[in-house]
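Structure file final36.csv (CSV, C-alpha atoms and all ligand atoms) follows.
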chain,number,residue,atom,x,y,z
A,113,MET,CA,82.8,82.5,99.2
A,114,LEU,CA,83.6,80.4,102.2
A,115,VAL,CA,85.5,77.1,102.2
A,116,ARG,CA,85.5,74.3,104.7
A,117,PRO,CA,89.0,73.0,105.4
A,118,THR,CA,89.6,69.3,106.0
A,119,TYR,CA,92.2,69.9,108.7
A,120,LYS,CA,90.1,71.9,111.1
A,121,THR,CA,86.4,72.4,112.0
A,122,GLY,CA,84.3,75.2,110.7
A,123,TRP,CA,84.3,77.5,107.7
A,124,ASP,CA,87.0,79.9,106.5
A,125,ILE,CA,87.8,82.2,103.6
A,126,PRO,CA,90.2,81.0,100.9
A,127,GLY,CA,93.8,81.8,101.8
A,128,GLY,CA,96.9,80.7,103.7
A,129,TYR,CA,100.3,81.4,104.9
A,130,VAL,CA,102.9,83.6,103.2
A,131,GLU,CA,106.1,81.7,102.2
A,132,GLN,CA,109.6,83.0,102.5
A,133,ASP,CA,110.5,85.8,100.0
A,134,GLU,CA,106.8,86.1,99.1
A,135,SER,CA,104.6,89.2,99.4
A,136,PRO,CA,101.1,88.9,101.0
A,137,LEU,CA,99.5,89.7,97.6
A,138,ALA,CA,101.5,87.0,95.8
A,139,ALA,CA,100.6,84.6,98.6
A,140,CYS,CA,96.9,85.4,98.2
A,141,ARG,CA,97.0,84.8,94.5
A,142,ARG,CA,99.0,81.5,94.9
A,143,GLU,CA,96.7,80.2,97.7
A,144,VAL,CA,93.5,81.0,95.7
A,145,ASN,CA,95.0,79.1,92.7
A,146,GLU,CA,96.2,76.1,94.8
A,147,GLU,CA,92.9,75.8,96.8
A,148,LEU,CA,90.4,76.6,94.1
A,149,GLY,CA,92.3,76.0,90.8
A,150,ILE,CA,91.5,79.4,89.4
A,151,THR,CA,93.3,82.7,89.0
A,152,PRO,CA,90.7,85.4,89.3
A,153,PRO,CA,91.8,89.1,89.4
A,154,ILE,CA,92.8,89.9,93.0
A,155,GLY,CA,92.5,93.6,93.8
A,156,ARG,CA,92.9,96.2,96.6
A,157,LEU,CA,93.9,95.5,100.1
A,158,LEU,CA,90.7,95.6,102.2
A,159,VAL,CA,91.9,94.8,105.7
A,160,VAL,CA,95.0,94.3,107.8
A,161,ASP,CA,94.2,92.5,111.0
A,162,TRP,CA,96.5,91.9,113.9
A,163,ALA,CA,95.5,88.6,115.5
A,164,PRO,CA,97.3,87.5,118.6
A,165,HIS,CA,97.3,83.7,119.3
A,166,PRO,CA,98.6,82.2,122.5
A,167,ASN,CA,99.9,78.9,120.9
A,168,GLU,CA,100.7,79.8,117.3
A,169,GLY,CA,102.1,83.3,117.9
A,170,ASP,CA,100.7,86.7,116.8
A,171,LYS,CA,99.6,86.8,113.1
A,172,VAL,CA,99.1,89.7,110.7
A,173,LEU,CA,96.3,88.9,108.3
A,174,TYR,CA,95.7,90.6,105.0
A,175,ILE,CA,92.4,90.4,103.1
A,176,PHE,CA,92.5,91.4,99.4
A,177,ASP,CA,89.5,92.2,97.2
A,178,GLY,CA,88.6,89.2,94.9
A,179,ASP,CA,85.4,91.1,93.9
A,180,GLU,CA,82.7,89.0,92.3
A,181,LEU,CA,83.8,85.8,90.6
A,182,SER,CA,83.0,85.6,86.9
A,183,PRO,CA,80.7,82.7,85.8
A,184,ALA,CA,83.7,81.2,83.9
A,185,ASP,CA,85.8,81.2,87.1
A,186,VAL,CA,83.0,79.7,89.2
A,187,ALA,CA,82.6,76.9,86.5
A,188,ALA,CA,86.4,76.3,86.6
A,189,ILE,CA,86.7,75.8,90.4
A,190,ARG,CA,88.5,72.6,91.2
A,191,LEU,CA,88.9,72.2,94.9
A,192,ASP,CA,92.2,70.9,96.4
A,193,HIS,CA,90.6,68.1,98.3
A,194,SER,CA,93.7,67.5,100.4
A,195,GLU,CA,92.9,70.8,102.1
A,196,LEU,CA,89.2,71.6,101.4
A,197,ALA,CA,86.1,69.5,101.8
A,198,GLU,CA,83.7,72.0,100.1
A,199,TYR,CA,83.0,75.6,99.2
A,200,ALA,CA,79.7,77.6,99.3
A,201,PHE,CA,78.5,81.1,98.6
A,202,TYR,CA,77.0,83.0,101.5
A,203,SER,CA,75.7,86.6,101.9
A,204,VAL,CA,77.9,88.6,104.3
A,205,GLU,CA,75.2,88.4,107.0
A,206,GLU,CA,74.9,84.6,106.6
A,207,ALA,CA,78.7,84.2,106.5
A,208,THR,CA,79.2,86.2,109.7
A,209,SER,CA,76.8,83.9,111.5
A,210,VAL,CA,78.7,80.7,110.6
A,211,LEU,CA,82.2,82.0,111.2
A,212,VAL,CA,84.1,82.2,114.5
A,213,PRO,CA,83.6,85.7,115.9
A,214,ARG,CA,87.1,87.1,115.1
A,215,LEU,CA,86.8,86.0,111.5
A,216,ALA,CA,83.2,87.2,111.3
A,217,ARG,CA,84.4,90.7,112.4
A,218,ARG,CA,87.2,90.7,110.0
A,219,LEU,CA,85.0,89.6,107.1
A,220,ALA,CA,82.3,92.3,107.9
A,221,ALA,CA,85.0,94.9,107.9
A,222,ALA,CA,86.3,93.6,104.6
A,223,ALA,CA,82.8,93.8,103.1
A,224,ARG,CA,82.5,97.4,104.3
A,225,ALA,CA,86.0,98.3,103.0
A,226,HIS,CA,84.9,96.8,99.6
A,227,ARG,CA,81.7,98.9,99.5
A,228,GLU,CA,83.3,102.1,100.6
A,229,ARG,CA,86.6,101.7,98.8
A,230,LEU,CA,88.6,102.0,102.0
A,231,THR,CA,91.2,99.9,103.8
A,232,PHE,CA,90.9,99.1,107.5
A,233,PHE,CA,93.5,98.4,110.1
A,234,LEU,CA,92.1,96.1,112.7
A,235,GLU,CA,93.3,94.6,115.9
A,236,HIS,CA,91.5,91.3,116.8
A,237,GLY,CA,89.0,92.0,114.0
A,238,GLN,CA,88.1,95.4,115.4
A,239,GLU,CA,89.0,98.9,114.5
A,240,PRO,CA,91.0,100.5,117.3
A,241,ASP,CA,89.6,103.7,118.8
A,242,PHE,CA,91.7,106.4,117.1
A,243,GLY,CA,90.1,109.1,119.2
A,244,TYR,CA,88.5,111.0,116.3
A,245,GLN,CA,85.5,110.9,114.1
A,246,ILE,CA,84.7,112.1,110.6
A,247,PRO,CA,84.0,115.8,111.2
A,248,GLN,CA,80.7,117.4,110.5
A,249,LEU,CA,80.9,119.4,107.3
A,250,PRO,CA,79.9,123.1,107.4
A,251,ALA,CA,76.5,123.8,105.7
A,252,PRO,CA,75.6,123.8,102.9
A,253,TRP,CA,78.1,120.9,102.4
A,254,THR,CA,76.8,117.4,102.9
A,255,VAL,CA,78.7,114.1,102.7
A,256,LEU,CA,77.8,112.2,99.6
A,257,PRO,CA,76.2,108.8,100.3
A,258,LEU,CA,78.0,105.9,98.6
A,259,GLU,CA,75.3,105.2,96.0
A,260,LYS,CA,75.4,108.9,94.8
A,261,ARG,CA,79.2,109.2,94.3
A,262,GLY,CA,79.3,107.4,90.9
A,263,MET,CA,77.3,110.0,89.0
A,264,PHE,CA,79.5,112.9,90.1
A,265,GLU,CA,82.7,110.9,89.4
A,266,ALA,CA,81.4,110.1,85.9
A,267,GLU,CA,80.4,113.7,85.2
A,268,LEU,CA,83.8,115.0,86.3
A,269,GLY,CA,85.4,112.4,84.0
A,270,ALA,CA,83.3,113.6,81.1
A,271,GLU,CA,84.1,117.3,81.7
A,272,VAL,CA,87.9,117.3,82.2
A,273,SER,CA,89.9,117.4,79.0
A,274,GLU,CA,93.6,116.8,78.5
A,275,GLY,CA,95.7,119.4,80.3
A,276,HIS,CA,93.2,119.8,83.1
A,277,PRO,CA,94.8,119.1,86.5
A,278,LEU,CA,92.3,116.3,87.1
A,279,PHE,CA,92.6,114.7,83.6
A,280,GLY,CA,93.0,110.9,84.0
A,281,MET,CA,93.1,111.1,87.8
A,282,PRO,CA,91.1,108.5,89.8
A,283,VAL,CA,88.8,110.5,92.1
A,284,ILE,CA,86.2,109.8,94.7
A,285,ALA,CA,83.3,112.2,95.2
A,286,ILE,CA,83.0,112.9,98.9
A,287,ALA,CA,80.8,115.9,99.5
A,288,LYS,CA,78.4,118.2,97.7
A,289,CYS,CA,77.3,121.8,98.1
A,290,GLN,CA,73.5,121.7,98.4
A,291,ALA,CA,73.2,125.3,97.1
A,292,CYS,CA,75.2,125.0,93.8
A,293,ASP,CA,77.1,122.5,91.6
A,294,GLU,CA,80.3,122.5,93.7
A,295,VAL,CA,81.5,119.0,94.5
A,296,ALA,CA,84.5,118.0,96.7
A,297,PHE,CA,86.6,115.1,95.5
A,298,SER,CA,89.5,113.1,97.0
A,299,VAL,CA,92.2,112.5,94.4
A,300,GLU,CA,93.9,109.2,94.7
A,301,HIS,CA,97.7,108.9,94.3
A,302,HIS,CA,98.2,112.6,94.1
A,303,PRO,CA,100.0,115.1,96.4
A,304,VAL,CA,97.0,117.4,96.4
A,305,ARG,CA,94.6,115.1,98.1
A,306,PHE,CA,91.3,117.1,98.0
A,307,VAL,CA,89.8,119.4,95.5
A,308,SER,CA,86.5,121.1,95.0
A,309,VAL,CA,85.1,121.4,91.4
A,310,HIS,CA,82.3,123.4,90.0
A,311,LEU,CA,80.7,121.0,87.6
A,312,THR,CA,79.1,122.4,84.5
A,313,TRP,CA,76.8,119.4,83.9
A,314,ARG,CA,77.2,119.7,80.1
A,315,ARG,CA,78.2,116.0,80.1
A,316,ALA,CA,81.0,116.7,77.6
A,317,ALA,CA,84.6,117.8,77.7
A,318,GLU,CA,85.0,121.5,78.7
A,319,ARG,CA,87.7,124.0,77.6
A,320,ILE,CA,90.4,124.6,80.2
A,321,PRO,CA,90.2,126.1,82.8
A,322,TRP,CA,86.7,124.6,83.1
A,323,PRO,CA,85.4,122.8,85.2
A,324,MET,CA,86.9,125.3,87.7
A,325,THR,CA,88.9,123.4,90.3
A,326,LYS,CA,90.3,124.6,93.6
A,327,GLU,CA,92.7,122.7,95.9
A,328,LEU,CA,91.5,122.1,99.4
A,329,SER,CA,93.7,122.1,102.4
A,330,LEU,CA,93.2,120.2,105.7
A,331,PRO,CA,91.2,120.3,107.9
A,332,LEU,CA,88.6,119.9,105.2
A,333,ALA,CA,85.8,121.4,107.3
A,334,HIS,CA,87.7,124.7,107.4
A,335,SER,CA,88.6,124.7,103.8
A,336,LEU,CA,85.0,123.9,102.7
A,337,ALA,CA,83.6,126.6,105.0
A,338,GLU,CA,85.4,129.2,102.7
A,339,HIS,CA,82.9,128.3,100.0
A,340,ALA,CA,80.0,130.6,100.8
A,341,HIS,CA,76.8,131.9,99.1
A,401,ZN,ZN,77.9,126.1,96.6

Would you write out, as structure tokens, the structure that this file holds?
Amino acid sequence: MLVRPTYKTGWDIPGGYVEQDESPLAACRREVNEELGITPPIGRLLVVDWAPHPNEGDKVLYIFDGDELSPADVAAIRLDHSELAEYAFYSVEEATSVLVPRLARRLAAAARAHRERLTFFLEHGQEPDFGYQIPQLPAPWTVLPLEKRGMFEAELGAEVSEGHPLFGMPVIAIAKCQACDEVAFSVEHHPVRFVSVHLTWRRAAERIPWPMTKELSLPLAHSLAEHAH
């Protein structure tokens, strides 16, 4: 969703300035409510963007994930006409063509962060060159494409029972052995960040210690190379 402010030209995304003693997330929720008259769930941080400005000073912008608006929320939108002339829904491609370049870059990064469940740090709307790339995984491991992760995450969720180290843990399936049912997962909010699990594919809770789980150490490529056939 883009909005067209009354106080400047062009389109923007809903949002505004943080007030004193207010967190960026609280400010996001407040601004969405003030500008649109709704309180949709606001989720993960997608992007932090450092945006220098010669007249207004340097800004740090946060984009949070509003996901898809429910039909009820769309029906309940009441624009604050002192600030906004109109709103409209655009695809990401369309949106990036009507926005000023720095905002277009920021929005494209936010859309990717939403899809890939990541958070990006940007400078001027662009990811700095950190001097590294995602390493190639040793064969027979391959990185799981986004659209295939869900089925492995669901299967793991079905197989782990209470007492298993991964029980109730949010995980992201990241890589798969092409020669067996071993899948590597990243474990969110957990000191052991990566594990590899031999899925049984019984689609039901297993008896501990199954599905067999092994902690992976960094660098991942070395750790995964120990899995051999
Ligand atoms: Zn294997």

Inset, instruction - For the point (96.1, 79.4, 109.7) in the file's frame, write as a PyMOL selection string all residues with an atom no more than 9 Å away, counting only C-alpha atoms. - result: chain A and resi 127-129+168+171

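Reported to one decimal place, the separation of atom CA of Thr151 of chain A from atom CA of Val212 of chain A is 27.1 Å.
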
Inset, instruction - Scan for residues within 9 Å of the point (78.3, 107.9, 97.0) in the coordinates of the file, using only C-alpha atoms, and reply as a VMD selection string. - result: chain A and resid 228 255 to 264 284 to 287

Those selected residues, please, written with C-alpha atoms and delivered as a PDB file, in the coordinates of the input.
ATOM      1  CA  GLU A 228      83.300 102.100 100.600  1.00  0.00           C
ATOM      2  CA  VAL A 255      78.700 114.100 102.700  1.00  0.00           C
ATOM      3  CA  LEU A 256      77.800 112.200  99.600  1.00  0.00           C
ATOM      4  CA  PRO A 257      76.200 108.800 100.300  1.00  0.00           C
ATOM      5  CA  LEU A 258      78.000 105.900  98.600  1.00  0.00           C
ATOM      6  CA  GLU A 259      75.300 105.200  96.000  1.00  0.00           C
ATOM      7  CA  LYS A 260      75.400 108.900  94.800  1.00  0.00           C
ATOM      8  CA  ARG A 261      79.200 109.200  94.300  1.00  0.00           C
ATOM      9  CA  GLY A 262      79.300 107.400  90.900  1.00  0.00           C
ATOM     10  CA  MET A 263      77.300 110.000  89.000  1.00  0.00           C
ATOM     11  CA  PHE A 264      79.500 112.900  90.100  1.00  0.00           C
ATOM     12  CA  ILE A 284      86.200 109.800  94.700  1.00  0.00           C
ATOM     13  CA  ALA A 285      83.300 112.200  95.200  1.00  0.00           C
ATOM     14  CA  ILE A 286      83.000 112.900  98.900  1.00  0.00           C
ATOM     15  CA  ALA A 287      80.800 115.900  99.500  1.00  0.00           C
TER      16      ALA A 287
END

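Reported to one decimal place, the separation of atom CA of Glu131 of chain A from atom CA of Val186 of chain A is 26.6 Å.
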
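Near segment 132-136 of chain A, within 10 Å and counting all atoms listed in the file, sit Arg142, Leu157, Val172, Leu173, Tyr174, Ile175 and Phe176 of chain A, not including residues fewer than 6 positions from it in the same chain.
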
Create the file for the chosen residues now, containing C-alpha atoms and written as a PDB file, in the coordinates of the input.
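result-v2.pdb written:
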ATOM      1  CA  ARG A 142      99.000  81.500  94.900  1.00  0.00           C
ATOM      2  CA  LEU A 157      93.900  95.500 100.100  1.00  0.00           C
ATOM      3  CA  VAL A 172      99.100  89.700 110.700  1.00  0.00           C
ATOM      4  CA  LEU A 173      96.300  88.900 108.300  1.00  0.00           C
ATOM      5  CA  TYR A 174      95.700  90.600 105.000  1.00  0.00           C
ATOM      6  CA  ILE A 175      92.400  90.400 103.100  1.00  0.00           C
ATOM      7  CA  PHE A 176      92.500  91.400  99.400  1.00  0.00           C
TER       8      PHE A 176
END

So that I can see what lies close to Ser308 of chain A, please list as a PDB file with C-alpha atoms, in the frame of the given file the residues with an atom at most 7 Å from it, counting all atoms listed in the file and leaving out residues fewer than 2 positions away in the same chain.
ATOM      1  CA  GLU A 294      80.300 122.500  93.700  1.00  0.00           C
ATOM      2  CA  VAL A 295      81.500 119.000  94.500  1.00  0.00           C
ATOM      3  CA  ALA A 296      84.500 118.000  96.700  1.00  0.00           C
ATOM      4  CA  PHE A 297      86.600 115.100  95.500  1.00  0.00           C
ATOM      5  CA  PHE A 306      91.300 117.100  98.000  1.00  0.00           C
ATOM      6  CA  HIS A 310      82.300 123.400  90.000  1.00  0.00           C
ATOM      7  CA  THR A 325      88.900 123.400  90.300  1.00  0.00           C
ATOM      8  CA  LYS A 326      90.300 124.600  93.600  1.00  0.00           C
ATOM      9  CA  GLU A 327      92.700 122.700  95.900  1.00  0.00           C
ATOM     10  CA  LEU A 328      91.500 122.100  99.400  1.00  0.00           C
TER      11      LEU A 328
END

Inset, instruction - Find the distance between atom CA of Ala184 of chain A and atom CA of Leu148 of chain A and write it in Å to one decimal. - result: 13.0 Å

Legend entry - Within 6 Å of ligand ZN 401 (chain A) (all atoms listed in the file), residues as a PyMOL selection string: chain A and resi 289+291-292+294

Inset, instruction - Check the smallest atom-to-atom distance from each of A:Ile154, A:Ala220, A:Val130, A:Leu330 to Leu181 of chain A using all atoms listed in the file, then report the winner. - result: A:Ile154

Legend entry - Close residues, Ser273 of chain A itself excluded, 9 Å, only C-alpha atoms, min 6 positions apart in chain, as a PyMOL selection string: chain A and resi 279-280+317-320+322

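Residue nearest Ser182 of chain A within the list A:Leu211, A:Asp170, A:Pro152, A:Ala197: A:Pro152 [criterion: smallest interatomic distance, only C-alpha atoms].
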
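Comparing the minimum interatomic distances between Arg305 of chain A and each of A:Ala251, A:Val144, A:Leu234, A:Val283, counting all atoms listed in the file, we find that A:Val283 sits nearest.
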
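Using all atoms listed in the file, the smallest distance between any of A:Glu338, A:Glu205, A:Glu146, A:Asp179 and Leu158 of chain A comes from A:Asp179.
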
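Using all atoms listed in the file for every distance, the candidate list A:Ala139, A:Pro282, A:Tyr202, A:Pro183 yields A:Pro282 as the residue closest to Glu265 of chain A.
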
Legend entry - Top pick for closest residue to Pro277 of chain A, considering A:Pro250, A:Pro153, A:Pro166, A:Pro323 and counting all atoms listed in the file: A:Pro323
